[in-house]
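Containing PDB, C-alpha atoms and all ligand atoms: input_21.pdb.
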```pdb
MODEL        1
ATOM      1  CA  MET A  58       0.000   0.000   0.000  1.00  0.00           C
ATOM      2  CA  LYS A  59       1.261   3.487  -0.866  1.00  0.00           C
ATOM      3  CA  LYS A  60       2.232   5.664   2.033  1.00  0.00           C
ATOM      4  CA  CYS A  61       1.258   9.343   2.147  1.00  0.00           C
ATOM      5  CA  THR A  62       3.038  11.088   5.008  1.00  0.00           C
ATOM      6  CA  ILE A  63       2.046  14.343   6.675  1.00  0.00           C
ATOM      7  CA  ILE A  64       5.017  16.333   7.927  1.00  0.00           C
ATOM      8  CA  GLY A  65       5.707  19.833   9.220  1.00  0.00           C
ATOM      9  CA  LYS A  66       6.613  21.842  12.254  1.00  0.00           C
ATOM     10  CA  THR A  67       4.950  21.136  15.557  1.00  0.00           C
ATOM     11  CA  ASN A  68       1.484  22.685  16.002  1.00  0.00           C
ATOM     12  CA  VAL A  69       0.820  23.442  12.316  1.00  0.00           C
ATOM     13  CA  GLY A  70      -2.277  21.181  12.217  1.00  0.00           C
ATOM     14  CA  LYS A  71      -0.995  17.791  11.003  1.00  0.00           C
ATOM     15  CA  THR A  72      -3.219  15.731  13.301  1.00  0.00           C
ATOM     16  CA  VAL A  73      -6.319  17.834  12.613  1.00  0.00           C
ATOM     17  CA  PHE A  74      -5.611  17.284   8.923  1.00  0.00           C
ATOM     18  CA  LEU A  75      -5.236  13.498   9.364  1.00  0.00           C
ATOM     19  CA  ILE A  76      -8.567  13.203  11.170  1.00  0.00           C
ATOM     20  CA  ASN A  77     -10.614  15.642   9.089  1.00  0.00           C
ATOM     21  CA  PHE A  78      -9.211  14.514   5.728  1.00  0.00           C
ATOM     22  CA  ALA A  79      -9.941  10.868   6.587  1.00  0.00           C
ATOM     23  CA  GLU A  80     -13.495  11.866   7.526  1.00  0.00           C
ATOM     24  CA  TYR A  81     -13.819  13.881   4.295  1.00  0.00           C
ATOM     25  CA  LEU A  82     -12.800  10.721   2.390  1.00  0.00           C
ATOM     26  CA  GLY A  83     -15.676   8.831   3.983  1.00  0.00           C
ATOM     27  CA  VAL A  84     -14.134   7.255   7.083  1.00  0.00           C
ATOM     28  CA  LYS A  85     -16.794   7.026   9.809  1.00  0.00           C
ATOM     29  CA  THR A  86     -14.669   5.304  12.452  1.00  0.00           C
ATOM     30  CA  LEU A  87     -10.941   5.887  12.391  1.00  0.00           C
ATOM     31  CA  GLU A  88      -8.777   2.812  12.886  1.00  0.00           C
ATOM     32  CA  ILE A  89      -5.574   4.380  14.065  1.00  0.00           C
ATOM     33  CA  GLU A  90      -2.443   2.251  13.902  1.00  0.00           C
ATOM     34  CA  ARG A  91       0.391   3.518  16.053  1.00  0.00           C
ATOM     35  CA  LEU A  92       4.036   2.665  16.059  1.00  0.00           C
ATOM     36  CA  ASP A  93       5.946   4.101  18.979  1.00  0.00           C
ATOM     37  CA  THR A  94       9.619   4.983  18.975  1.00  0.00           C
ATOM     38  CA  GLU A  95      10.486   1.628  20.612  1.00  0.00           C
ATOM     39  CA  GLY A  96       8.799  -0.229  17.730  1.00  0.00           C
ATOM     40  CA  VAL A  97       5.674  -1.202  19.726  1.00  0.00           C
ATOM     41  CA  LYS A  98       2.446  -1.221  17.696  1.00  0.00           C
ATOM     42  CA  ASP A  99      -1.089  -0.577  18.848  1.00  0.00           C
ATOM     43  CA  ARG A 100      -4.512   0.022  17.291  1.00  0.00           C
ATOM     44  CA  GLU A 101      -7.394   2.207  18.338  1.00  0.00           C
ATOM     45  CA  LYS A 102     -10.901   2.574  16.921  1.00  0.00           C
ATOM     46  CA  ILE A 103     -12.254   6.050  17.518  1.00  0.00           C
ATOM     47  CA  ASN A 104     -14.729   8.399  15.883  1.00  0.00           C
ATOM     48  CA  PRO A 105     -13.402  11.625  14.321  1.00  0.00           C
ATOM     49  CA  ARG A 106     -14.922  13.941  16.935  1.00  0.00           C
ATOM     50  CA  ALA A 107     -13.421  11.995  19.849  1.00  0.00           C
ATOM     51  CA  ALA A 108     -10.094  11.776  17.994  1.00  0.00           C
ATOM     52  CA  LEU A 109      -9.972  15.567  17.624  1.00  0.00           C
ATOM     53  CA  SER A 110     -10.430  16.109  21.338  1.00  0.00           C
ATOM     54  CA  LYS A 111      -8.014  13.329  22.333  1.00  0.00           C
ATOM     55  CA  LEU A 112      -5.171  13.740  19.819  1.00  0.00           C
ATOM     56  CA  VAL A 113      -5.095  17.478  19.053  1.00  0.00           C
ATOM     57  CA  ASP A 114      -3.711  20.199  21.297  1.00  0.00           C
ATOM     58  CA  GLY A 115      -2.682  23.824  21.090  1.00  0.00           C
ATOM     59  CA  LYS A 116       0.577  22.887  22.835  1.00  0.00           C
ATOM     60  CA  THR A 117       3.625  21.763  20.884  1.00  0.00           C
ATOM     61  CA  HIS A 118       4.665  18.085  20.481  1.00  0.00           C
ATOM     62  CA  LYS A 119       1.275  16.566  21.189  1.00  0.00           C
ATOM     63  CA  THR A 120       1.994  13.783  18.674  1.00  0.00           C
ATOM     64  CA  ARG A 121       5.035  11.768  19.664  1.00  0.00           C
ATOM     65  CA  ASN A 122       4.882   8.819  17.330  1.00  0.00           C
ATOM     66  CA  ILE A 123       3.680   7.637  13.966  1.00  0.00           C
ATOM     67  CA  GLN A 124      -0.109   7.275  13.704  1.00  0.00           C
ATOM     68  CA  ALA A 125      -1.696   6.057  10.494  1.00  0.00           C
ATOM     69  CA  VAL A 126      -5.173   5.605   9.037  1.00  0.00           C
ATOM     70  CA  THR A 127      -6.061   3.666   5.881  1.00  0.00           C
ATOM     71  CA  VAL A 128      -8.288   5.649   3.510  1.00  0.00           C
ATOM     72  CA  ASP A 129      -9.844   5.163   0.062  1.00  0.00           C
ATOM     73  CA  ILE A 130      -8.882   7.592  -2.681  1.00  0.00           C
ATOM     74  CA  PRO A 131     -11.427   7.678  -5.532  1.00  0.00           C
ATOM     75  CA  MET A 132      -9.686   6.935  -8.847  1.00  0.00           C
ATOM     76  CA  GLY A 133     -11.869   7.137 -11.963  1.00  0.00           C
ATOM     77  CA  LYS A 134     -14.671   4.651 -11.393  1.00  0.00           C
ATOM     78  CA  GLY A 135     -12.799   2.759  -8.694  1.00  0.00           C
ATOM     79  CA  LYS A 136     -10.766   3.582  -5.623  1.00  0.00           C
ATOM     80  CA  LYS A 137      -7.344   2.865  -4.188  1.00  0.00           C
ATOM     81  CA  LYS A 138      -6.384   2.303  -0.565  1.00  0.00           C
ATOM     82  CA  ILE A 139      -3.537   4.367   0.829  1.00  0.00           C
ATOM     83  CA  GLN A 140      -2.046   4.818   4.237  1.00  0.00           C
ATOM     84  CA  LEU A 141      -2.227   8.369   5.587  1.00  0.00           C
ATOM     85  CA  VAL A 142       0.548   8.815   8.140  1.00  0.00           C
ATOM     86  CA  ASP A 143       0.713  11.531  10.813  1.00  0.00           C
ATOM     87  CA  THR A 144       4.123  12.244  12.343  1.00  0.00           C
ATOM     88  CA  ALA A 145       5.751  14.031  15.269  1.00  0.00           C
ATOM     89  CA  GLY A 146       6.349  17.714  14.494  1.00  0.00           C
ATOM     90  CA  LEU A 147       9.762  19.023  13.525  1.00  0.00           C
ATOM     91  CA  ILE A 148      11.694  21.806  15.238  1.00  0.00           C
ATOM     92  CA  ASP A 149      14.782  23.818  14.433  1.00  0.00           C
ATOM     93  CA  ASP A 150      16.687  23.153  17.639  1.00  0.00           C
ATOM     94  CA  ILE A 151      17.701  20.015  19.467  1.00  0.00           C
ATOM     95  CA  HIS A 152      14.882  19.318  21.914  1.00  0.00           C
ATOM     96  CA  PRO A 153      15.884  18.724  25.575  1.00  0.00           C
ATOM     97  CA  ASP A 154      13.395  15.812  25.935  1.00  0.00           C
ATOM     98  CA  SER A 155      14.868  12.600  24.545  1.00  0.00           C
ATOM     99  CA  ASN A 156      11.379  11.244  23.736  1.00  0.00           C
ATOM    100  CA  VAL A 157      10.764  14.204  21.435  1.00  0.00           C
ATOM    101  CA  ARG A 158      14.180  13.715  19.818  1.00  0.00           C
ATOM    102  CA  LYS A 159      13.400  10.032  19.188  1.00  0.00           C
ATOM    103  CA  ALA A 160       9.997  10.958  17.752  1.00  0.00           C
ATOM    104  CA  ILE A 161      11.569  13.469  15.362  1.00  0.00           C
ATOM    105  CA  SER A 162      14.076  10.899  14.218  1.00  0.00           C
ATOM    106  CA  GLN A 163      11.162   8.474  13.596  1.00  0.00           C
ATOM    107  CA  THR A 164       9.510  11.197  11.462  1.00  0.00           C
ATOM    108  CA  LEU A 165      12.618  11.546   9.319  1.00  0.00           C
ATOM    109  CA  SER A 166      12.955   7.816   8.705  1.00  0.00           C
ATOM    110  CA  THR A 167       9.253   7.618   7.766  1.00  0.00           C
ATOM    111  CA  VAL A 168       9.801  10.353   5.184  1.00  0.00           C
ATOM    112  CA  ARG A 169      12.388   8.144   3.476  1.00  0.00           C
ATOM    113  CA  GLU A 170       9.848   5.311   3.067  1.00  0.00           C
ATOM    114  CA  SER A 171       6.997   7.509   1.814  1.00  0.00           C
ATOM    115  CA  ASP A 172       5.511   7.696  -1.656  1.00  0.00           C
ATOM    116  CA  LEU A 173       3.884  11.076  -1.096  1.00  0.00           C
ATOM    117  CA  ILE A 174       4.733  13.928   1.232  1.00  0.00           C
ATOM    118  CA  LEU A 175       2.160  16.456   2.391  1.00  0.00           C
ATOM    119  CA  HIS A 176       4.183  19.259   3.976  1.00  0.00           C
ATOM    120  CA  ILE A 177       1.950  21.412   6.169  1.00  0.00           C
ATOM    121  CA  ILE A 178       2.980  25.001   6.835  1.00  0.00           C
ATOM    122  CA  ASP A 179       1.030  27.360   9.115  1.00  0.00           C
ATOM    123  CA  ALA A 180       0.195  30.241   6.770  1.00  0.00           C
ATOM    124  CA  SER A 181      -1.012  32.386   9.667  1.00  0.00           C
ATOM    125  CA  ALA A 182       2.426  32.131  11.331  1.00  0.00           C
ATOM    126  CA  ALA A 183       4.218  32.861   8.051  1.00  0.00           C
ATOM    127  CA  ASP A 184       2.755  36.370   8.160  1.00  0.00           C
ATOM    128  CA  LYS A 185       4.383  37.192  11.483  1.00  0.00           C
ATOM    129  CA  LYS A 186       8.071  37.273  10.536  1.00  0.00           C
ATOM    130  CA  GLU A 187      10.234  37.275   7.470  1.00  0.00           C
ATOM    131  CA  LEU A 188      10.653  33.923   5.785  1.00  0.00           C
ATOM    132  CA  PRO A 189      12.425  31.618   6.313  1.00  0.00           C
ATOM    133  CA  ASN A 190      12.405  32.427  10.044  1.00  0.00           C
ATOM    134  CA  ALA A 191       8.628  32.452  10.319  1.00  0.00           C
ATOM    135  CA  MET A 192       8.327  28.890   9.094  1.00  0.00           C
ATOM    136  CA  GLY A 193      11.536  27.595  10.560  1.00  0.00           C
ATOM    137  CA  ILE A 194      14.808  26.465   9.105  1.00  0.00           C
ATOM    138  CA  VAL A 195      13.729  22.845   9.074  1.00  0.00           C
ATOM    139  CA  ASP A 196      10.638  23.553   6.956  1.00  0.00           C
ATOM    140  CA  TYR A 197      12.729  25.655   4.664  1.00  0.00           C
ATOM    141  CA  GLN A 198      15.287  22.922   4.182  1.00  0.00           C
ATOM    142  CA  ILE A 199      12.662  20.246   3.541  1.00  0.00           C
ATOM    143  CA  ALA A 200      11.067  22.390   0.861  1.00  0.00           C
ATOM    144  CA  GLN A 201      14.464  22.967  -0.776  1.00  0.00           C
ATOM    145  CA  PHE A 202      15.369  19.288  -0.630  1.00  0.00           C
ATOM    146  CA  ALA A 203      11.953  18.105  -1.809  1.00  0.00           C
ATOM    147  CA  GLN A 204      12.250  20.035  -5.043  1.00  0.00           C
ATOM    148  CA  ILE A 205      14.083  17.039  -6.411  1.00  0.00           C
ATOM    149  CA  ARG A 206      11.328  14.495  -5.657  1.00  0.00           C
ATOM    150  CA  ARG A 207       7.884  13.773  -7.057  1.00  0.00           C
ATOM    151  CA  GLY A 208       4.774  13.536  -4.961  1.00  0.00           C
ATOM    152  CA  TYR A 209       5.600  16.518  -2.768  1.00  0.00           C
ATOM    153  CA  VAL A 210       3.127  19.288  -2.030  1.00  0.00           C
ATOM    154  CA  ILE A 211       2.958  22.182   0.414  1.00  0.00           C
ATOM    155  CA  LEU A 212      -0.376  22.590   2.226  1.00  0.00           C
ATOM    156  CA  ALA A 213      -0.654  26.172   3.501  1.00  0.00           C
ATOM    157  CA  ASN A 214      -2.890  25.647   6.540  1.00  0.00           C
ATOM    158  CA  LYS A 215      -5.058  27.777   8.858  1.00  0.00           C
ATOM    159  CA  MET A 216      -6.409  29.792   5.916  1.00  0.00           C
ATOM    160  CA  ASP A 217      -9.516  30.530   8.014  1.00  0.00           C
ATOM    161  CA  LEU A 218      -7.396  32.975  10.068  1.00  0.00           C
ATOM    162  CA  PRO A 219      -7.249  36.536   8.637  1.00  0.00           C
ATOM    163  CA  GLU A 220      -3.436  36.822   8.761  1.00  0.00           C
ATOM    164  CA  ALA A 221      -3.047  33.630   6.702  1.00  0.00           C
ATOM    165  CA  LYS A 222      -3.816  35.485   3.467  1.00  0.00           C
ATOM    166  CA  ASN A 223      -0.622  37.511   3.660  1.00  0.00           C
ATOM    167  CA  GLY A 224       1.267  34.469   4.951  1.00  0.00           C
ATOM    168  CA  LEU A 225       0.200  32.497   1.884  1.00  0.00           C
ATOM    169  CA  LYS A 226       1.482  35.295  -0.343  1.00  0.00           C
ATOM    170  CA  LYS A 227       4.878  35.068   1.357  1.00  0.00           C
ATOM    171  CA  ILE A 228       4.966  31.259   1.077  1.00  0.00           C
ATOM    172  CA  ARG A 229       4.127  31.478  -2.632  1.00  0.00           C
ATOM    173  CA  GLU A 230       6.895  34.043  -3.212  1.00  0.00           C
ATOM    174  CA  GLU A 231       9.450  31.996  -1.325  1.00  0.00           C
ATOM    175  CA  PHE A 232       8.566  28.654  -2.929  1.00  0.00           C
ATOM    176  CA  SER A 233       7.546  29.709  -6.392  1.00  0.00           C
ATOM    177  CA  GLY A 234       8.725  26.381  -7.816  1.00  0.00           C
ATOM    178  CA  HIS A 235       6.444  24.277  -5.604  1.00  0.00           C
ATOM    179  CA  PHE A 236       2.852  23.195  -5.859  1.00  0.00           C
ATOM    180  CA  ILE A 237       1.021  24.891  -2.960  1.00  0.00           C
ATOM    181  CA  ILE A 238      -2.568  24.201  -1.873  1.00  0.00           C
ATOM    182  CA  PRO A 239      -4.214  26.590   0.622  1.00  0.00           C
ATOM    183  CA  ILE A 240      -6.342  24.679   3.156  1.00  0.00           C
ATOM    184  CA  SER A 241      -8.068  24.934   6.479  1.00  0.00           C
ATOM    185  CA  ALA A 242      -7.653  21.558   8.171  1.00  0.00           C
ATOM    186  CA  LEU A 243     -10.112  22.701  10.825  1.00  0.00           C
ATOM    187  CA  HIS A 244     -12.865  23.746   8.397  1.00  0.00           C
ATOM    188  CA  LYS A 245     -12.059  21.140   5.712  1.00  0.00           C
ATOM    189  CA  THR A 246     -11.439  23.631   2.913  1.00  0.00           C
ATOM    190  CA  GLY A 247      -9.078  22.909   0.017  1.00  0.00           C
ATOM    191  CA  PHE A 248      -9.559  19.145   0.568  1.00  0.00           C
ATOM    192  CA  LYS A 249     -10.849  18.496  -2.958  1.00  0.00           C
ATOM    193  CA  GLU A 250      -7.573  19.810  -4.396  1.00  0.00           C
ATOM    194  CA  VAL A 251      -5.562  17.682  -1.954  1.00  0.00           C
ATOM    195  CA  LYS A 252      -7.574  14.589  -2.947  1.00  0.00           C
ATOM    196  CA  THR A 253      -6.905  15.316  -6.650  1.00  0.00           C
ATOM    197  CA  PHE A 254      -3.190  15.763  -5.983  1.00  0.00           C
ATOM    198  CA  VAL A 255      -3.026  12.449  -4.097  1.00  0.00           C
ATOM    199  CA  ALA A 256      -5.012  10.601  -6.801  1.00  0.00           C
ATOM    200  CA  HIS A 257      -2.648  11.904  -9.508  1.00  0.00           C
ATOM    201  CA  ASN A 258       0.486  10.909  -7.643  1.00  0.00           C
ATOM    202  CA  ILE A 259      -0.212   7.350  -6.460  1.00  0.00           C
TER     203      ILE A 259
HETATM  204  N1  LIG B 301      -7.589  28.245  13.017  1.00  0.00           N
HETATM  205  C1  LIG B 301      -7.110  27.021  12.731  1.00  0.00           C
HETATM  206  N2  LIG B 301      -6.506  26.287  13.686  1.00  0.00           N
HETATM  207  C2  LIG B 301      -6.040  25.065  13.336  1.00  0.00           C
HETATM  208  C3  LIG B 301      -6.180  24.531  12.017  1.00  0.00           C
HETATM  209  N3  LIG B 301      -5.601  23.308  11.999  1.00  0.00           N
HETATM  210  C4  LIG B 301      -5.143  23.081  13.245  1.00  0.00           C
HETATM  211  N4  LIG B 301      -5.415  24.133  14.063  1.00  0.00           N
HETATM  212  C5  LIG B 301      -5.096  24.261  15.497  1.00  0.00           C
HETATM  213  O1  LIG B 301      -3.689  24.187  15.672  1.00  0.00           O
HETATM  214  C6  LIG B 301      -3.365  23.515  16.895  1.00  0.00           C
HETATM  215  C7  LIG B 301      -2.431  22.347  16.628  1.00  0.00           C
HETATM  216  O2  LIG B 301      -3.107  21.343  15.875  1.00  0.00           O
HETATM  217  P1  LIG B 301      -2.517  19.872  15.764  1.00  0.00           P
HETATM  218  O3  LIG B 301      -3.293  19.157  14.711  1.00  0.00           O
HETATM  219  O4  LIG B 301      -2.416  19.243  17.105  1.00  0.00           O
HETATM  220  O5  LIG B 301      -1.045  20.208  15.224  1.00  0.00           O
HETATM  221  P2  LIG B 301       0.159  19.181  14.928  1.00  0.00           P
HETATM  222  O6  LIG B 301       0.887  19.718  13.743  1.00  0.00           O
HETATM  223  O7  LIG B 301      -0.372  17.799  14.840  1.00  0.00           O
HETATM  224  O8  LIG B 301       1.052  19.389  16.243  1.00  0.00           O
HETATM  225  P3  LIG B 301       2.088  18.354  16.973  1.00  0.00           P
HETATM  226  O9  LIG B 301       1.471  17.006  17.014  1.00  0.00           O
HETATM  227  O10 LIG B 301       2.236  18.945  18.327  1.00  0.00           O
HETATM  228  O11 LIG B 301       3.337  18.423  16.165  1.00  0.00           O
HETATM  229  C8  LIG B 301      -4.692  23.091  17.514  1.00  0.00           C
HETATM  230  O12 LIG B 301      -5.057  24.070  18.472  1.00  0.00           O
HETATM  231  C9  LIG B 301      -5.659  23.108  16.335  1.00  0.00           C
HETATM  232  O13 LIG B 301      -7.005  23.342  16.691  1.00  0.00           O
HETATM  233  C10 LIG B 301      -6.841  25.346  11.028  1.00  0.00           C
HETATM  234  O14 LIG B 301      -7.027  24.988   9.866  1.00  0.00           O
HETATM  235  N5  LIG B 301      -7.270  26.576  11.453  1.00  0.00           N
HETATM  236 MG    MG B 302      -0.018  16.124  15.972  1.00  0.00          MG
ENDMDL
END
```
The structure in this file should be written as structure tokens.
Amino acid sequence: MKKCTIIGKTNVGKTVFLINFAEYLGVKTLEIERLDTEGVKDREKINPRAALSKLVDGKTHKTRNIQAVTVDIPMGKGKKKIQLVDTAGLIDDIHPDSNVRKAISQTLSTVRESDLILHIIDASAADKKELPNAMGIVDYQIAQFAQIRRGYVILANKMDLPEAKNGLKKIREEFSGHFIIPISALHKTGFKEVKTFVAHNI
């Protein structure tokens, strides 16, 4: 099964995107498969609303391991199953907590095994400072590096916030060579374009 991995800085909305995009694709009950940094697997069945309150937080580093959901992507008259993978958020510095460091290293090895990369950037934060500082060095480097691979897209998130409009403009200027889809993971906007991108690249 093809693997579509969601990456980005901590707190940009990766987990909200995982849950709401899976629901948008018709998943009624999420079957979340987790793989912790010690290699231990577990499964949880949960509805999207409960998942949002349990797995999403305004604080950084809420997600500390790989969590994946299998979804159907409509393809012509049929459909194809893919694995949508949520990861621990990246940061620019070396984190003092070794669990966070392990989680970040797990994110990077997952990226290597992925067929598609959805790189989420918080467009509302991009408005606050000059790029690349606003998005972080790590995001900046991923975007530079990813130019050489197929199946990479930037999702400019939090477009429901007023400051995101100017942030999106900055992201577009900085990464003029990339495909960029504005979304609101929270309000499920831009999801049709993301679905089309995924269908074309698997
Ligand atoms: N306004 C707005 N807020 C959002 C959106 N997407 C996510 N958020 C909020 O951003 C915060 C972080 O969301 P998460 O989904 O936990 O972010 P994450 O990238 O998974 O974060 P880590 O797991 O900590 O790396 C939460 O308070 C969400 O409600 C969006 O589209 N619009
Ligand atoms: Mg998360």
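Taking all atoms listed in the file into account, ligand LIG 301 (chain B) lies nearest to A:Asp114 out of the set A:Glu88, A:Glu220, A:Glu250, A:Asp114.
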Residues returned when the PyMOL selection byres (((not hetatm)) within 9 of (chain B and resi 302)) runs on this file, as a JSON list (two decimals) with C-alpha atoms, in the coordinates of the input:
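Saved as expr-v6.json:
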```json
[["chain", "number", "residue", "atom", "x", "y", "z"],
["A", 67, "THR", "CA", 4.95, 21.14, 15.56],
["A", 68, "ASN", "CA", 1.48, 22.68, 16.00],
["A", 69, "VAL", "CA", 0.82, 23.44, 12.32],
["A", 70, "GLY", "CA", -2.28, 21.18, 12.22],
["A", 71, "LYS", "CA", -1.00, 17.79, 11.00],
["A", 72, "THR", "CA", -3.22, 15.73, 13.30],
["A", 73, "VAL", "CA", -6.32, 17.83, 12.61],
["A", 75, "LEU", "CA", -5.24, 13.50, 9.36],
["A", 112, "LEU", "CA", -5.17, 13.74, 19.82],
["A", 113, "VAL", "CA", -5.10, 17.48, 19.05],
["A", 114, "ASP", "CA", -3.71, 20.20, 21.30],
["A", 117, "THR", "CA", 3.62, 21.76, 20.88],
["A", 118, "HIS", "CA", 4.66, 18.08, 20.48],
["A", 119, "LYS", "CA", 1.27, 16.57, 21.19],
["A", 120, "THR", "CA", 1.99, 13.78, 18.67],
["A", 121, "ARG", "CA", 5.04, 11.77, 19.66],
["A", 122, "ASN", "CA", 4.88, 8.82, 17.33],
["A", 143, "ASP", "CA", 0.71, 11.53, 10.81],
["A", 144, "THR", "CA", 4.12, 12.24, 12.34],
["A", 145, "ALA", "CA", 5.75, 14.03, 15.27],
["A", 146, "GLY", "CA", 6.35, 17.71, 14.49]]
```
Worksheet entry | Test item: residues at most 8 Å from Met58 in chain A, all atoms listed in the file, excluding those fewer than 6 positions along its chain, as number ranges by chain | A: 138-140
Please write as a PDB file with C-alpha atoms, keeping the file's coordinate frame the full residue list that the PyMOL selection byres (((chain A and resi 171) around 12) and not hetatm) yields on this file.
```
ATOM      1  CA  MET A  58       0.000   0.000   0.000  1.00  0.00           C
ATOM      2  CA  LYS A  59       1.261   3.487  -0.866  1.00  0.00           C
ATOM      3  CA  LYS A  60       2.232   5.664   2.033  1.00  0.00           C
ATOM      4  CA  CYS A  61       1.258   9.343   2.147  1.00  0.00           C
ATOM      5  CA  THR A  62       3.038  11.088   5.008  1.00  0.00           C
ATOM      6  CA  ILE A  63       2.046  14.343   6.675  1.00  0.00           C
ATOM      7  CA  ILE A  64       5.017  16.333   7.927  1.00  0.00           C
ATOM      8  CA  ILE A 139      -3.537   4.367   0.829  1.00  0.00           C
ATOM      9  CA  GLN A 140      -2.046   4.818   4.237  1.00  0.00           C
ATOM     10  CA  LEU A 141      -2.227   8.369   5.587  1.00  0.00           C
ATOM     11  CA  VAL A 142       0.548   8.815   8.140  1.00  0.00           C
ATOM     12  CA  ASP A 143       0.713  11.531  10.813  1.00  0.00           C
ATOM     13  CA  THR A 144       4.123  12.244  12.343  1.00  0.00           C
ATOM     14  CA  THR A 164       9.510  11.197  11.462  1.00  0.00           C
ATOM     15  CA  LEU A 165      12.618  11.546   9.319  1.00  0.00           C
ATOM     16  CA  SER A 166      12.955   7.816   8.705  1.00  0.00           C
ATOM     17  CA  THR A 167       9.253   7.618   7.766  1.00  0.00           C
ATOM     18  CA  VAL A 168       9.801  10.353   5.184  1.00  0.00           C
ATOM     19  CA  ARG A 169      12.388   8.144   3.476  1.00  0.00           C
ATOM     20  CA  GLU A 170       9.848   5.311   3.067  1.00  0.00           C
ATOM     21  CA  ASP A 172       5.511   7.696  -1.656  1.00  0.00           C
ATOM     22  CA  LEU A 173       3.884  11.076  -1.096  1.00  0.00           C
ATOM     23  CA  ILE A 174       4.733  13.928   1.232  1.00  0.00           C
ATOM     24  CA  LEU A 175       2.160  16.456   2.391  1.00  0.00           C
ATOM     25  CA  ARG A 206      11.328  14.495  -5.657  1.00  0.00           C
ATOM     26  CA  ARG A 207       7.884  13.773  -7.057  1.00  0.00           C
ATOM     27  CA  GLY A 208       4.774  13.536  -4.961  1.00  0.00           C
ATOM     28  CA  TYR A 209       5.600  16.518  -2.768  1.00  0.00           C
ATOM     29  CA  ASN A 258       0.486  10.909  -7.643  1.00  0.00           C
ATOM     30  CA  ILE A 259      -0.212   7.350  -6.460  1.00  0.00           C
TER      31      ILE A 259
END
```
Fill in: Point-to-point distance in Å for atom C9 of ligand LIG 301 (chain B) and CA of Thr86 in chain A
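A separation of 20.3 Å between them.
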Discussion item. Residue by residue, what does the PyMOL selection byres (((chain A and resi 131) around 10) and not hetatm) grab here? Present the result as a PyMOL selection string.
Written reply: chain A and resi 82+128-130+132-138+252-253+255-256
Item to complete: May I have the residues within 10 Å of Glu80 in chain A as a PyMOL selection string, using only C-alpha atoms and disregarding those fewer than 3 positions away in the same chain?
Response: chain A and resi 74-77+83-87+104-106+128+245
Discussion item. Using all atoms listed in the file, can you tell me which of A:Ile228, A:Ala213, A:Ala183, A:Ala107 comes closest to ligand LIG 301 (chain B)?
Written reply: A:Ala213
Worksheet item: For ligand LIG 301 (chain B), which residue out of A:Pro219, A:Pro239, A:Gly234, A:Gly115 is the nearest one, using all atoms listed in the file?
Response: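 Smallest separation from ligand LIG 301 (chain B) among the options: A:Gly115.
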Worksheet item: What lies within 12 Å of Val97 in chain A using only C-alpha atoms, ignoring chain neighbours under 3 positions off, as a ChimeraX atom specification?
Response: /A:90-94,100,122-124
Practice prompt. Compare A:His235, A:His244, A:His257, A:Lys185 by their minimum atom-to-atom distance to ligand LIG 301 (chain B), counting all atoms listed in the file, and give me the closest one.
Written response: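 The closest residue to ligand LIG 301 (chain B) is A:His244.
You can rank A:Lys159, A:His176, A:Lys102, A:Arg229 by their closest distance to ligand LIG 301 (chain B) using all atoms listed in the file, and at the top of that list sits A:His176.
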Worksheet item: Mind pulling up the distance from atom C4 of ligand LIG 301 (chain B) to CA of Ile238 in chain A?
Response: 15.4 Å
So that all listed atoms of ligand LIG 301 (chain B) fit with 4 Å spare on each side, what axis-aligned box centre and edge lengths in Å, to one decimal, would you give as lines of an AutoDock Vina configuration file?
```
center_x = -2.1
center_y = 22.6
center_z = 14.2
size_x = 18.9
size_y = 19.2
size_z = 16.6
```
Worksheet item: Of the candidates A:Ile103, A:Val126, A:Ile148, A:Ile237, which one gets nearest to ligand LIG 301 (chain B) if we count only C-alpha atoms and all ligand atoms?
Response: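 That would be A:Ile148, the residue with the smallest distance to ligand LIG 301 (chain B).
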Item to complete: Quote the spacing between atom O11 of ligand LIG 301 (chain B) and CA of Pro153 in chain A in Å to one decimal place.
Response: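 Separation between atom O11 of ligand LIG 301 (chain B) and CA of Pro153 in chain A: 15.7 Å.
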